[in-house]
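Have a look at the structure below before the remarks.
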Amino acid sequence: MFGLNPKDARLLIIVAIMVVAAPVLLNPFPEGSNLAQFNAGYPDLMQRFVIFGIFAIGFNILFGLTGYLSFGHAAFLGIGSYAAIWMMKLLTMNIIPGIIVSVIVAGVFSLAVGWISLRRSGIYFSILTLAFAQMCYSLAYSVLTPITGGETGLQPKVNDPRILDAATNDGVVPKTNLFGLEMTSSTEIVMGGWVFTLNAGYYVAALVMLISFYISIRIFRSPFGVMLRAVKSNQQRMNYTGLNPKPYTLAAFVISGMYAGLAGGLMVAMDTQAGADRMFWTASGEVVLMTILGGVGTLIGPVLGAGAIKYMENILSKINKDILHQWFALLPDGLEDVIVALIYPFVGKGWHLTLGLLFMLVVIFLPGGLVEGGQRIAALFKRKRKPEDARSGKSTEPAE
Amino acid sequence: MEAIILQVLNGLDKGSAYALIALGLTLIFGTLGVVNFAHGALFMIGAFCAVTLSRILTLSHTIIDETRTDFLGNPLKVDVPYVYGWFGESAGAAIIDWAVPLSILFAIPVMITLGVVMERGLIKHFYKRPHADQILVTFGLAIVLQEVIKYFYGANPIPTPAPDAFRGSFDFGAMLGFDPNIIIYPYWRIIYFVFAAIIIGGVFAFLQFTTFGMVVRAGMADRETVQLLGINIDRRFTLMFGLAAAVAGLAGVMYTPINSPNYHMGMDFLVLSFVVVVVGGMGSLPGAVLAGFVLGILESFASMREVLEVLPGINQIIIYLVAIIILLTRPRGLMGRKGVMED
């Protein structure tokens, strides 16, 4: 189906179903209950899930396939954001031109950066990309203020030209839309105690995410993807067979840069602002974390990683001391205080600590990320059944 | 002329910090072959050693001073640090005043211990794994260290002043025969530069003139042969990791009066220090020091008003620009050795 083998098609369909049903699946706890704060099914967060999912999918095409660790990918995301917001200021609040231009601009920039950075590999490549990203960040903050808005960033204003929208200018900043469908519009479905929010912006972003996921599957399975893996596993051998790895790695770099630009454009489409802090190198570090946490080089891993990190960032960071006391109220007082004191550093403002520890544990024990973790658990269940088969097999067939 | 001298001086203190961190990074890379992204965190922890010591020294107990009264007419409560009780008031005050330099003594054992624990507990298991894994796990460790410090000390910068004696500025121009008050330079920055020079000289002397250092250099050149000679090179390399951590930590301790430490100062320095190491040449100790000072001075020249008028914003990007040019034209960096990570 769609030119995919049955296994990949199944994966794509499962992901599609999950994404479509996300507003329901991510809201398992009834509104107003104690656990409702664990609900992730609100539009803002779900949009971030899919947008950072796109970002991580793109990063994975570079790092997962070729093994080139870029520490400057957030620059392309930031550039994409700026491009998109300028389209909204100049042309129209319709998100289509903004997103297309953000992809193109990010692609051009990544072509330039990749052309230079890919002359080196290993740690030097990481440093070069980091240097480029930091240059973009510093320039966006200081000299390029007329274009980037400097510290305040950019927002659409009432008196922007918006050439295509000029007829409908009625003195308020219009909302981003897709041919009239506003990104912020949502429908609430109330079922018993549960409230599910179906948001237009989320579904647009989710559709884009599914398309990019599909493209990434095709890239993974294509001869081009095999070439990229060859770059990772043995570049020297590739050279000796008469192939030049540079065009392949450059293509992968540009594709992943375009994915980052797409994510940046979508980010602006959902929340109309762009700032330089999006390009800071910690933002580049974040996408590395997502990809590794989920499972580098796997199809679904980056999406899982992006979801996990954004979930922690938004849900874990909301837990404060009172909530912890509430949870453990059943325990005797002394024990309650001890447990709360033990857990508190890891939640709330300290959620980065949990993230750092989790990340270290994953790198140390599970280099394949959450996906490998899942596979190991699955294998554990299978192995339990296997020895019995093996034993019965032994008893019937004598060894030769 | 005055402007040039001033900019060179301004560049020296930042350059010293870059050089010290880059020296530690290169020591670790040259001996263990590990790319340590947590090195900035070690710098930061060193700075917080100074904060901790000054807090310990000012631990106080409250006594009631019967001779004075507060505005309500009650006897005044005065916080008296314990050190006053132990050493007398004037000596106690002097000790508190000199908290930052004293922290050097406090930071050295702390940092060496931390470095050794880090190497034995974590880095050891990553020698055989790819460089990307080493970068990632130390990056994770840096986040963890940073968050632990943030948990105990909060997110705001903590001012840690230099001793009173060094608080003023030094009229450098008058000494060289220029008009007074043109080239003035804070005392503490001179101290920082001298301190950095001593540390760098000490590390080089240690490597060059001691038997231990000789074995370590031999191990850097050919680890296997040294092991075949029956020398436990791993233990020496572990100690070198501790030494590198101590160098970073001391750079942090002495930097606190220049810039109030906060929990993410390490990360800010780390990125630049990596650039410095790469410009100097991976694995080359003199290269790291040279590149540290060169880049520090270049950065301060780039922030001169005359330069900024021609090339606006150049001060923000000069280091990265130089790094890109060097990496593309001299793949080994300024003084890189042949065959060390030349891909």
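By convention in this document, the chains of the structure tokens carry letters A, B, ... by their order, each chain's residues are numbered from 1, and ligands are numbered from 1 in the order they are shown.
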Residues of stretch 121-363 of chain A in strand (DSSP E), written as a list in words: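 Going through stretch 121-363 of chain A, the strand (DSSP E) residues come out as Asn177, Leu178, Leu181, Glu182, Ser186, Thr187, Glu188, Ile189, Val190, Met191, Trp194, Val195, Phe196, Thr197, Leu198 and Asn199 of chain A.
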Contacts of B:Gly11 at 9 Å or less, counting only C-alpha atoms, minus same-chain residues fewer than 5 places along, as a ChimeraX atom specification? /B:6,16,293-301
Next, dump the selected residues to file, keeping only N, CA and C atoms, as a short mmCIF file (atom, residue, chain, number, x, y, z; two decimals), in the first residue's frame.
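Generated output (again27.cif):
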```cif
data_model
loop_
_atom_site.label_atom_id
_atom_site.label_comp_id
_atom_site.auth_asym_id
_atom_site.auth_seq_id
_atom_site.Cartn_x
_atom_site.Cartn_y
_atom_site.Cartn_z
N LEU B 6 44.64 48.28 25.50
CA LEU B 6 43.44 48.05 26.31
C LEU B 6 42.72 46.79 25.86
N SER B 16 42.09 33.74 29.28
CA SER B 16 42.60 32.83 30.32
C SER B 16 41.57 31.77 30.65
N PHE B 293 43.94 32.10 24.18
CA PHE B 293 44.30 33.52 24.30
C PHE B 293 44.02 34.26 22.99
N VAL B 294 44.36 33.64 21.86
CA VAL B 294 44.15 34.32 20.58
C VAL B 294 42.67 34.66 20.39
N LEU B 295 41.81 33.68 20.67
CA LEU B 295 40.38 33.93 20.45
C LEU B 295 39.84 34.94 21.45
N GLY B 296 40.32 34.86 22.70
CA GLY B 296 39.87 35.83 23.69
C GLY B 296 40.23 37.25 23.27
N ILE B 297 41.46 37.43 22.79
CA ILE B 297 41.90 38.77 22.40
C ILE B 297 41.17 39.22 21.13
N LEU B 298 41.02 38.29 20.17
CA LEU B 298 40.27 38.63 18.95
C LEU B 298 38.86 39.10 19.30
N GLU B 299 38.24 38.39 20.25
CA GLU B 299 36.88 38.74 20.62
C GLU B 299 36.83 40.17 21.16
N SER B 300 37.83 40.53 21.98
CA SER B 300 37.76 41.87 22.56
C SER B 300 38.10 42.93 21.51
N PHE B 301 38.97 42.60 20.56
CA PHE B 301 39.21 43.55 19.47
C PHE B 301 37.95 43.76 18.64
#
```
Could you give me, as a Markdown table, every chain B residue with an atom at most 8 Å from chain A, plus its closest atom pair and distance in Å to one decimal, counting only C-alpha atoms, rows ordered by chain then number?
```
| residue | atom | partner | partner_atom | distance |
| --- | --- | --- | --- | --- |
| B:His131 | CA | A:Ile123 | CA | 7.4 |
| B:Ala132 | CA | A:Leu69 | CA | 7.0 |
| B:Asp133 | CA | A:Val363 | CA | 7.0 |
| B:Leu136 | CA | A:Val363 | CA | 7.2 |
| B:Val137 | CA | A:Met360 | CA | 5.5 |
| B:Gly140 | CA | A:Gly356 | CA | 5.0 |
| B:Leu141 | CA | A:Gly356 | CA | 6.7 |
| B:Ile143 | CA | A:Gly356 | CA | 5.4 |
| B:Val144 | CA | A:Gly356 | CA | 5.1 |
| B:Glu147 | CA | A:Leu353 | CA | 5.4 |
| B:Val148 | CA | A:Leu353 | CA | 7.2 |
| B:Tyr151 | CA | A:Pro345 | CA | 7.0 |
| B:Phe274 | CA | A:Ile127 | CA | 7.4 |
| B:Val275 | CA | A:Ile127 | CA | 6.7 |
| B:Val278 | CA | A:Tyr124 | CA | 7.4 |
| B:Pro312 | CA | A:Val143 | CA | 6.3 |
| B:Gly313 | CA | A:Val143 | CA | 5.3 |
| B:Gln316 | CA | A:Ser138 | CA | 5.8 |
| B:Ile317 | CA | A:Met135 | CA | 5.4 |
| B:Tyr320 | CA | A:Ala131 | CA | 5.1 |
| B:Leu321 | CA | A:Ala131 | CA | 7.7 |
| B:Ala323 | CA | A:Ala131 | CA | 7.7 |
| B:Ile324 | CA | A:Leu128 | CA | 6.4 |
| B:Leu327 | CA | A:Tyr124 | CA | 7.8 |
| B:Leu328 | CA | A:Arg119 | CA | 7.6 |
| B:Asp343 | CA | A:Ser121 | CA | 5.9 |
```
For atom CA of A:Asn239 and atom CA of A:Val226, determine how far apart the two atoms are, in Å to one decimal place.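 Interatomic distance, atom CA of A:Asn239 to atom CA of A:Val226: 14.9 Å.
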Which residues, written as an NGL selection string, have at least one atom at most 8 Å from A:Leu4, with only C-alpha atoms counted and residues fewer than 4 positions away on the same chain left out? :A and (8-9 or 218)
Please return, as an NGL selection string, all residues of stretch 70-299 of chain B that DSSP assigns to alpha helix (DSSP H) on the basis of the backbone. :B and (82-87 or 89-97 or 99-121 or 131-153 or 172-176 or 187-209 or 211-221 or 223-228 or 233-255 or 265-280 or 285-299)
Nearest-residue call for B:Ile96, choices B:Ile63, B:Gly336, B:Pro161, B:Val289, using only C-alpha atoms: B:Pro161
Nearest candidate to B:Ile182 (options B:Gly202, B:Ser169, B:Leu12, B:Leu57; using only C-alpha atoms):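 Checking each of B:Gly202, B:Ser169, B:Leu12, B:Leu57 against B:Ile182, counting only C-alpha atoms, the winner is B:Ser169.
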Nearest to A:Ile57: which of A:Phe224, A:Tyr344, A:Tyr259, A:Phe2 is it, counting only C-alpha atoms? A:Tyr259
Between A:Ile211, A:Leu335, A:Ile323, A:Val254, smallest distance to A:Phe59 by only C-alpha atoms belongs to A:Val254
